[in-house]
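Note: the block below is upload_35.txt and it holds compact mmCIF, C-alpha atoms.
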# COMPACT_ATOMS: atom_id res chain seq x y z
CA ALA F 1 64.67 121.68 77.96
CA MET F 2 63.49 125.17 77.13
CA VAL F 3 60.83 126.62 79.41
CA LEU F 4 58.02 128.38 77.56
CA GLY F 5 56.48 131.55 78.92
CA ALA F 6 52.72 131.89 79.30
CA ASN F 7 52.26 133.55 75.88
CA GLU F 8 54.32 130.91 74.05
CA THR F 9 52.41 128.13 75.84
CA ILE F 10 49.10 129.73 74.86
CA ASP F 11 50.22 130.25 71.23
CA THR F 12 51.45 126.63 70.97
CA THR F 13 48.19 125.29 72.43
CA LEU F 14 46.12 127.46 70.04
CA LEU F 15 48.23 126.28 67.09
CA LYS F 16 47.73 122.63 68.07
CA ASN F 17 43.98 123.32 68.17
CA HIS F 18 43.98 125.08 64.77
CA THR F 19 43.01 128.45 66.28
CA TYR F 20 44.41 131.92 65.54
CA PHE F 21 43.57 135.37 66.89
CA LEU F 22 43.83 138.32 64.47
CA SER F 23 43.54 141.68 66.19
CA GLY F 24 44.54 145.29 65.68
CA GLU F 25 45.50 146.95 62.42
CA ILE F 26 45.18 144.87 59.25
CA ASP F 27 48.57 145.26 57.60
CA GLU F 28 51.44 143.19 56.23
CA ASP F 29 52.75 142.44 59.74
CA SER F 30 49.41 141.22 61.13
CA VAL F 31 48.29 139.29 58.03
CA GLU F 32 51.55 137.45 57.29
CA PRO F 33 51.39 135.18 60.40
CA VAL F 34 47.74 134.33 59.61
CA ILE F 35 48.70 133.34 56.05
CA ARG F 36 51.55 131.21 57.43
CA TRP F 37 49.13 129.63 59.97
CA ILE F 38 46.66 128.67 57.19
CA MET F 39 49.49 127.28 55.03
CA TYR F 40 50.78 125.29 58.02
CA GLY F 41 47.27 124.03 58.81
CA ASN F 42 46.91 122.83 55.25
CA LEU F 43 50.17 120.85 55.43
CA MET F 44 49.09 118.87 58.50
CA LEU F 45 46.53 116.41 57.13
CA GLU F 46 43.71 115.73 59.54
CA GLU F 47 40.22 114.41 58.86
CA GLY F 48 37.38 116.79 59.75
CA LYS F 49 39.69 119.65 60.69
CA VAL F 50 38.37 123.23 60.83
CA LEU F 51 40.72 126.22 61.16
CA THR F 52 39.25 128.82 63.54
CA LEU F 53 40.13 132.48 63.05
CA TYR F 54 39.03 134.94 65.76
CA ILE F 55 38.88 138.53 64.50
CA ASN F 56 38.81 141.79 66.46
CA SER F 57 39.93 144.67 64.24
CA THR F 58 38.85 148.12 63.13
CA GLY F 59 40.43 147.40 59.74
CA GLY F 60 43.42 148.68 57.85
CA GLY F 61 45.02 147.77 54.54
CA LEU F 62 42.60 146.28 52.05
CA TYR F 63 45.41 144.95 49.82
CA ASP F 64 46.75 143.00 52.81
CA ALA F 65 43.20 141.74 53.49
CA PHE F 66 42.94 140.62 49.83
CA ALA F 67 46.16 138.60 50.23
CA LEU F 68 44.74 136.82 53.29
CA ILE F 69 41.34 136.29 51.62
CA ASP F 70 43.00 134.67 48.59
CA VAL F 71 44.83 132.22 50.88
CA MET F 72 41.62 131.55 52.86
CA ARG F 73 39.77 130.73 49.64
CA ARG F 74 42.49 128.21 48.67
CA SER F 75 42.46 126.40 52.02
CA ALA F 76 41.72 122.68 51.77
CA TYR F 77 40.08 122.95 55.19
CA PRO F 78 37.09 125.09 56.18
CA ILE F 79 37.96 128.32 57.96
CA SER F 80 35.57 129.36 60.69
CA THR F 81 35.62 133.10 61.40
CA ILE F 82 34.55 134.37 64.81
CA GLY F 83 33.94 138.12 65.04
CA ILE F 84 34.30 139.78 68.43
CA GLY F 85 34.64 143.41 69.47
CA SER F 86 35.02 145.07 66.08
CA VAL F 87 34.81 143.65 62.58
CA ALA F 88 35.28 146.72 60.43
CA SER F 89 36.45 147.74 57.00
CA ALA F 90 39.22 145.36 55.78
CA ALA F 91 38.49 143.07 58.75
CA PHE F 92 34.84 142.93 57.61
CA MET F 93 36.00 141.50 54.28
CA ILE F 94 38.22 138.92 56.03
CA PHE F 95 35.40 137.92 58.38
CA ALA F 96 32.93 137.48 55.49
CA ALA F 97 35.49 135.31 53.66
CA GLY F 98 35.09 132.58 56.29
CA THR F 99 33.56 129.31 55.13
CA LYS F 100 29.78 129.66 54.71
CA GLY F 101 27.99 128.10 57.67
CA ASN F 102 31.05 128.69 59.89
CA ARG F 103 30.95 132.48 60.41
CA TYR F 104 30.04 133.44 63.99
CA ILE F 105 29.49 136.97 65.27
CA SER F 106 29.06 137.91 68.92
CA GLU F 107 26.01 139.93 69.88
CA ASN F 108 28.33 142.74 71.05
CA THR F 109 30.38 143.08 67.86
CA SER F 110 30.44 146.40 65.96
CA ILE F 111 30.29 145.65 62.23
CA LEU F 112 31.31 148.21 59.59
CA SER F 113 31.33 147.92 55.82
CA HIS F 114 32.29 150.67 53.41
CA GLN F 115 33.69 151.42 50.00
CA PHE F 116 37.43 151.58 49.43
CA SER F 117 38.81 155.09 49.10
CA GLY F 118 42.53 155.05 48.46
CA ASP F 119 44.79 158.07 48.25
CA SER F 120 43.81 160.35 45.39
CA SER F 121 45.97 163.38 45.99
CA GLY F 122 48.85 164.75 43.92
CA LYS F 123 49.11 165.54 40.24
CA TYR F 124 45.98 165.35 38.09
CA HIS F 125 47.10 162.27 36.08
CA ASP F 126 48.05 160.45 39.29
CA MET F 127 44.62 161.24 40.76
CA VAL F 128 42.90 159.89 37.61
CA SER F 129 45.03 156.74 37.87
CA ALA F 130 44.22 156.40 41.60
CA MET F 131 40.49 156.80 40.95
CA LYS F 132 40.65 154.07 38.31
CA GLU F 133 42.29 151.76 40.89
CA ASN F 134 39.66 152.74 43.51
CA ASP F 135 36.94 151.73 41.03
CA HIS F 136 38.68 148.39 40.36
CA VAL F 137 39.06 147.69 44.09
CA ASN F 138 35.42 148.54 44.83
CA GLU F 139 34.35 146.25 41.99
CA ARG F 140 36.55 143.44 43.41
CA MET F 141 35.01 143.98 46.85
CA ALA F 142 31.50 143.75 45.38
CA ILE F 143 32.34 140.53 43.50
CA LEU F 144 33.91 138.96 46.61
CA LEU F 145 30.97 139.95 48.82
CA ASN F 146 28.61 138.50 46.19
CA GLU F 147 30.55 135.22 46.50
CA PHE F 148 30.59 135.34 50.33
CA THR F 149 26.94 136.36 50.86
CA GLY F 150 25.08 135.04 47.83
CA LEU F 151 23.58 138.51 47.34
CA PRO F 152 23.50 139.83 43.76
CA VAL F 153 26.33 142.32 43.03
CA LYS F 154 23.76 145.12 42.64
CA THR F 155 22.35 144.39 46.13
CA VAL F 156 25.89 144.20 47.57
CA LYS F 157 26.56 147.68 46.18
CA THR F 158 23.39 149.18 47.69
CA LYS F 159 23.28 147.30 51.04
CA LEU F 160 26.98 146.73 51.88
CA LEU F 161 29.01 149.15 49.73
CA PRO F 162 26.97 152.34 49.24
CA PRO F 163 28.72 155.75 49.26
CA SER F 164 28.39 156.14 53.05
CA ASP F 165 29.50 153.84 55.89
CA VAL F 166 27.20 150.92 56.74
CA TRP F 167 27.02 149.85 60.39
CA LEU F 168 25.28 146.49 60.78
CA THR F 169 23.82 144.80 63.82
CA PRO F 170 24.78 141.12 64.17
CA GLY F 171 21.19 140.28 63.13
CA GLU F 172 21.49 142.37 59.96
CA ALA F 173 24.86 140.72 59.20
CA VAL F 174 23.17 137.30 59.37
CA LYS F 175 20.18 138.47 57.30
CA LEU F 176 22.54 139.81 54.59
CA GLY F 177 24.58 136.59 54.55
CA VAL F 178 27.78 138.14 55.93
CA ALA F 179 27.58 136.01 59.10
CA ASP F 180 25.86 132.69 59.75
CA HIS F 181 25.36 132.59 63.52
CA ILE F 182 25.14 134.98 66.48
CA PHE F 183 26.61 133.80 69.76

Please lay out the structure from this file as structure tokens.
Amino acid sequence: AMVLGANETIDTTLLKNHTYFLSGEIDEDSVEPVIRWIMYGNLMLEEGKVLTLYINSTGGGLYDAFALIDVMRRSAYPISTIGIGSVASAAFMIFAAGTKGNRYISENTSILSHQFSGDSSGKYHDMVSAMKENDHVNERMAILLNEFTGLPVKTVKTKLLPPSDVWLTPGEAVKLGVADHIF
């Protein structure tokens, strides 16, 4: 029989208990195992199951976050998000995508929301094209946050996606419908 190391034992136990920990940079490498975990969790039929996703991240690639969010939204089971440490930028979007009523934020979590600003350098026509994409992405973010929070799109744009960074306290995150509970 193969002997598992401590990390493998922990990972196996977390998997059996439908729990995943997403930390560090949001990118293809960090998001892919979370997507696979949700897909796996949806294959194993179990009454009353909730998938629990812990998040501690300063953000990263918004396109990668969108991929994860789309899979989260298709999950047959509720996904509880638990924000600890930092829930910022792309990670903010992932956290907010948790199932309403099941989004927990610790009282010590730093929470950052801001507009998307992709690369807009290079030739003029490429910059125009990039700005058009930035506008589309910011509109998608506003529509998703409207869905996640229940706030009107106009309010999302002023309170969560204004031109400058928005740092929220856990209490403000609950008041704005981004989180449901402080622990």

Contact check, region 133-161 of chain F to region 65-69 of chain F, at most 10 Å, counting all atoms listed in the file, closest pairs as a Markdown table:
| residue | atom | partner | partner_atom | distance |
| --- | --- | --- | --- | --- |
| F:Val137 | CA | F:Phe66 | CA | 9.9 |
| F:Arg140 | CA | F:Phe66 | CA | 9.5 |
| F:Met141 | CA | F:Phe66 | CA | 9.1 |
| F:Leu144 | CA | F:Ile69 | CA | 9.4 |

Point to revise | Residue neighbourhood region 84-97 of chain F, 7 Å, all atoms listed in the file, exclusion window fewer than 5 positions, as a ChimeraX atom specification | key: /F:26,55-62,65,69,105-106,108-114,148,178-179

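Near region 28-31 of chain F, within 7 Å and counting all atoms listed in the file, sit Val34, Ile35, Asp64 and Leu68 of chain F; same-chain residues fewer than 3 positions away were not included.
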
Practice item. For Gly171 (chain F), work out the shell of residues within 9 Å, counting only C-alpha atoms and skipping chain neighbours fewer than 6 positions away, then give it as number ranges by chain. Key: F: 107, 179, 181-182

Check your understanding: With all atoms listed in the file as the basis for distance, which of F:Tyr77, F:Phe116, F:Trp167, F:Tyr104 is at the shortest distance from His136 (chain F)?
Key ->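 Among the listed residues, F:Phe116 lies closest to His136 (chain F).
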
Study note, to complete from the structure: Closest of F:Ser80, F:Thr158, F:Ser164, F:Thr13 to Val50 (chain F), counting all atoms listed in the file, is F:Ser80

Review point. Expressed in Å to a single decimal, how great is the separation between CA of Gly177 (chain F) and CA of Arg74 (chain F)?
Key: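 Atom-to-atom, CA of Gly177 (chain F) to CA of Arg74 (chain F), that is 20.6 Å.
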
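Between CA of Glu47 (chain F) and CA of Pro33 (chain F) the interatomic distance comes to 23.6 Å.
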
Practice item. Check the smallest atom-to-atom distance from each of F:Leu4, F:Ala130, F:Leu151, F:Leu15 to Ile38 (chain F) using all atoms listed in the file, then report the winner. Key: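 Nearest candidate to Ile38 (chain F) out of F:Leu4, F:Ala130, F:Leu151, F:Leu15: F:Leu15.
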
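These residues, each with an atom at most 8 Å from (41.5, 125.5, 59.5) using only C-alpha atoms, are F:His18, F:Thr19, F:Ile38, F:Gly41, F:Asn42, F:Lys49, F:Val50, F:Leu51, F:Thr52, F:Leu53, F:Ser75, F:Tyr77, F:Pro78, F:Ile79, F:Ser80.
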
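Coordinates place CA of Lys100 (chain F) at a distance of 14.1 Å from CA of Ala76 (chain F).
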
Would you mind writing region 72-99 of chain F with N, CA and C atoms, as a PDB file, keeping the file's coordinate frame?
ATOM      1  N   MET F  72      42.775 132.191  52.221  1.00  0.00           N
ATOM      2  CA  MET F  72      41.620 131.550  52.860  1.00  0.00           C
ATOM      3  C   MET F  72      40.809 130.767  51.839  1.00  0.00           C
ATOM      4  N   ARG F  73      40.595 131.360  50.675  1.00  0.00           N
ATOM      5  CA  ARG F  73      39.770 130.730  49.640  1.00  0.00           C
ATOM      6  C   ARG F  73      40.434 129.480  49.062  1.00  0.00           C
ATOM      7  N   ARG F  74      41.753 129.377  49.192  1.00  0.00           N
ATOM      8  CA  ARG F  74      42.490 128.210  48.670  1.00  0.00           C
ATOM      9  C   ARG F  74      42.678 127.127  49.719  1.00  0.00           C
ATOM     10  N   SER F  75      42.268 127.374  50.944  1.00  0.00           N
ATOM     11  CA  SER F  75      42.460 126.400  52.020  1.00  0.00           C
ATOM     12  C   SER F  75      41.697 125.115  51.735  1.00  0.00           C
ATOM     13  N   ALA F  76      42.369 123.988  51.944  1.00  0.00           N
ATOM     14  CA  ALA F  76      41.720 122.680  51.770  1.00  0.00           C
ATOM     15  C   ALA F  76      40.742 122.425  52.914  1.00  0.00           C
ATOM     16  N   TYR F  77      40.936 123.127  54.022  1.00  0.00           N
ATOM     17  CA  TYR F  77      40.080 122.950  55.190  1.00  0.00           C
ATOM     18  C   TYR F  77      39.176 124.162  55.373  1.00  0.00           C
ATOM     19  N   PRO F  78      37.969 123.945  55.915  1.00  0.00           N
ATOM     20  CA  PRO F  78      37.090 125.090  56.180  1.00  0.00           C
ATOM     21  C   PRO F  78      37.749 126.039  57.180  1.00  0.00           C
ATOM     22  N   ILE F  79      37.465 127.323  57.011  1.00  0.00           N
ATOM     23  CA  ILE F  79      37.960 128.320  57.960  1.00  0.00           C
ATOM     24  C   ILE F  79      36.755 128.978  58.608  1.00  0.00           C
ATOM     25  N   SER F  80      36.644 128.755  59.914  1.00  0.00           N
ATOM     26  CA  SER F  80      35.570 129.360  60.690  1.00  0.00           C
ATOM     27  C   SER F  80      36.050 130.721  61.167  1.00  0.00           C
ATOM     28  N   THR F  81      35.269 131.775  60.893  1.00  0.00           N
ATOM     29  CA  THR F  81      35.620 133.100  61.400  1.00  0.00           C
ATOM     30  C   THR F  81      34.705 133.429  62.566  1.00  0.00           C
ATOM     31  N   ILE F  82      35.294 133.989  63.611  1.00  0.00           N
ATOM     32  CA  ILE F  82      34.550 134.370  64.810  1.00  0.00           C
ATOM     33  C   ILE F  82      34.823 135.844  65.074  1.00  0.00           C
ATOM     34  N   GLY F  83      33.799 136.679  64.865  1.00  0.00           N
ATOM     35  CA  GLY F  83      33.940 138.120  65.040  1.00  0.00           C
ATOM     36  C   GLY F  83      33.585 138.529  66.454  1.00  0.00           C
ATOM     37  N   ILE F  84      34.514 139.240  67.083  1.00  0.00           N
ATOM     38  CA  ILE F  84      34.300 139.780  68.430  1.00  0.00           C
ATOM     39  C   ILE F  84      34.783 141.218  68.465  1.00  0.00           C
ATOM     40  N   GLY F  85      34.178 142.027  69.312  1.00  0.00           N
ATOM     41  CA  GLY F  85      34.640 143.410  69.470  1.00  0.00           C
ATOM     42  C   GLY F  85      34.302 144.264  68.268  1.00  0.00           C
ATOM     43  N   SER F  86      35.198 144.261  67.288  1.00  0.00           N
ATOM     44  CA  SER F  86      35.020 145.070  66.080  1.00  0.00           C
ATOM     45  C   SER F  86      35.400 144.258  64.857  1.00  0.00           C
ATOM     46  N   VAL F  87      34.522 144.259  63.876  1.00  0.00           N
ATOM     47  CA  VAL F  87      34.810 143.650  62.580  1.00  0.00           C
ATOM     48  C   VAL F  87      34.485 144.740  61.570  1.00  0.00           C
ATOM     49  N   ALA F  88      35.515 145.510  61.207  1.00  0.00           N
ATOM     50  CA  ALA F  88      35.280 146.720  60.430  1.00  0.00           C
ATOM     51  C   ALA F  88      36.203 146.805  59.225  1.00  0.00           C
ATOM     52  N   SER F  89      35.661 147.390  58.162  1.00  0.00           N
ATOM     53  CA  SER F  89      36.450 147.740  57.000  1.00  0.00           C
ATOM     54  C   SER F  89      37.159 146.511  56.404  1.00  0.00           C
ATOM     55  N   ALA F  90      38.484 146.507  56.330  1.00  0.00           N
ATOM     56  CA  ALA F  90      39.220 145.360  55.780  1.00  0.00           C
ATOM     57  C   ALA F  90      38.953 144.095  56.580  1.00  0.00           C
ATOM     58  N   ALA F  91      38.785 144.231  57.895  1.00  0.00           N
ATOM     59  CA  ALA F  91      38.490 143.070  58.750  1.00  0.00           C
ATOM     60  C   ALA F  91      37.102 142.506  58.446  1.00  0.00           C
ATOM     61  N   PHE F  92      36.176 143.365  58.032  1.00  0.00           N
ATOM     62  CA  PHE F  92      34.840 142.930  57.610  1.00  0.00           C
ATOM     63  C   PHE F  92      34.955 141.978  56.426  1.00  0.00           C
ATOM     64  N   MET F  93      35.797 142.342  55.465  1.00  0.00           N
ATOM     65  CA  MET F  93      36.000 141.500  54.280  1.00  0.00           C
ATOM     66  C   MET F  93      36.594 140.151  54.679  1.00  0.00           C
ATOM     67  N   ILE F  94      37.591 140.163  55.575  1.00  0.00           N
ATOM     68  CA  ILE F  94      38.220 138.920  56.030  1.00  0.00           C
ATOM     69  C   ILE F  94      37.202 138.049  56.755  1.00  0.00           C
ATOM     70  N   PHE F  95      36.419 138.668  57.638  1.00  0.00           N
ATOM     71  CA  PHE F  95      35.400 137.920  58.380  1.00  0.00           C
ATOM     72  C   PHE F  95      34.426 137.242  57.410  1.00  0.00           C
ATOM     73  N   ALA F  96      33.919 138.003  56.438  1.00  0.00           N
ATOM     74  CA  ALA F  96      32.930 137.480  55.490  1.00  0.00           C
ATOM     75  C   ALA F  96      33.500 136.352  54.634  1.00  0.00           C
ATOM     76  N   ALA F  97      34.834 136.328  54.473  1.00  0.00           N
ATOM     77  CA  ALA F  97      35.490 135.310  53.660  1.00  0.00           C
ATOM     78  C   ALA F  97      35.540 133.943  54.340  1.00  0.00           C
ATOM     79  N   GLY F  98      35.142 133.878  55.604  1.00  0.00           N
ATOM     80  CA  GLY F  98      35.090 132.580  56.290  1.00  0.00           C
ATOM     81  C   GLY F  98      34.176 131.620  55.557  1.00  0.00           C
ATOM     82  N   THR F  99      34.368 130.337  55.796  1.00  0.00           N
ATOM     83  CA  THR F  99      33.560 129.310  55.130  1.00  0.00           C
ATOM     84  C   THR F  99      32.091 129.461  55.508  1.00  0.00           C
TER      85      THR F  99
END
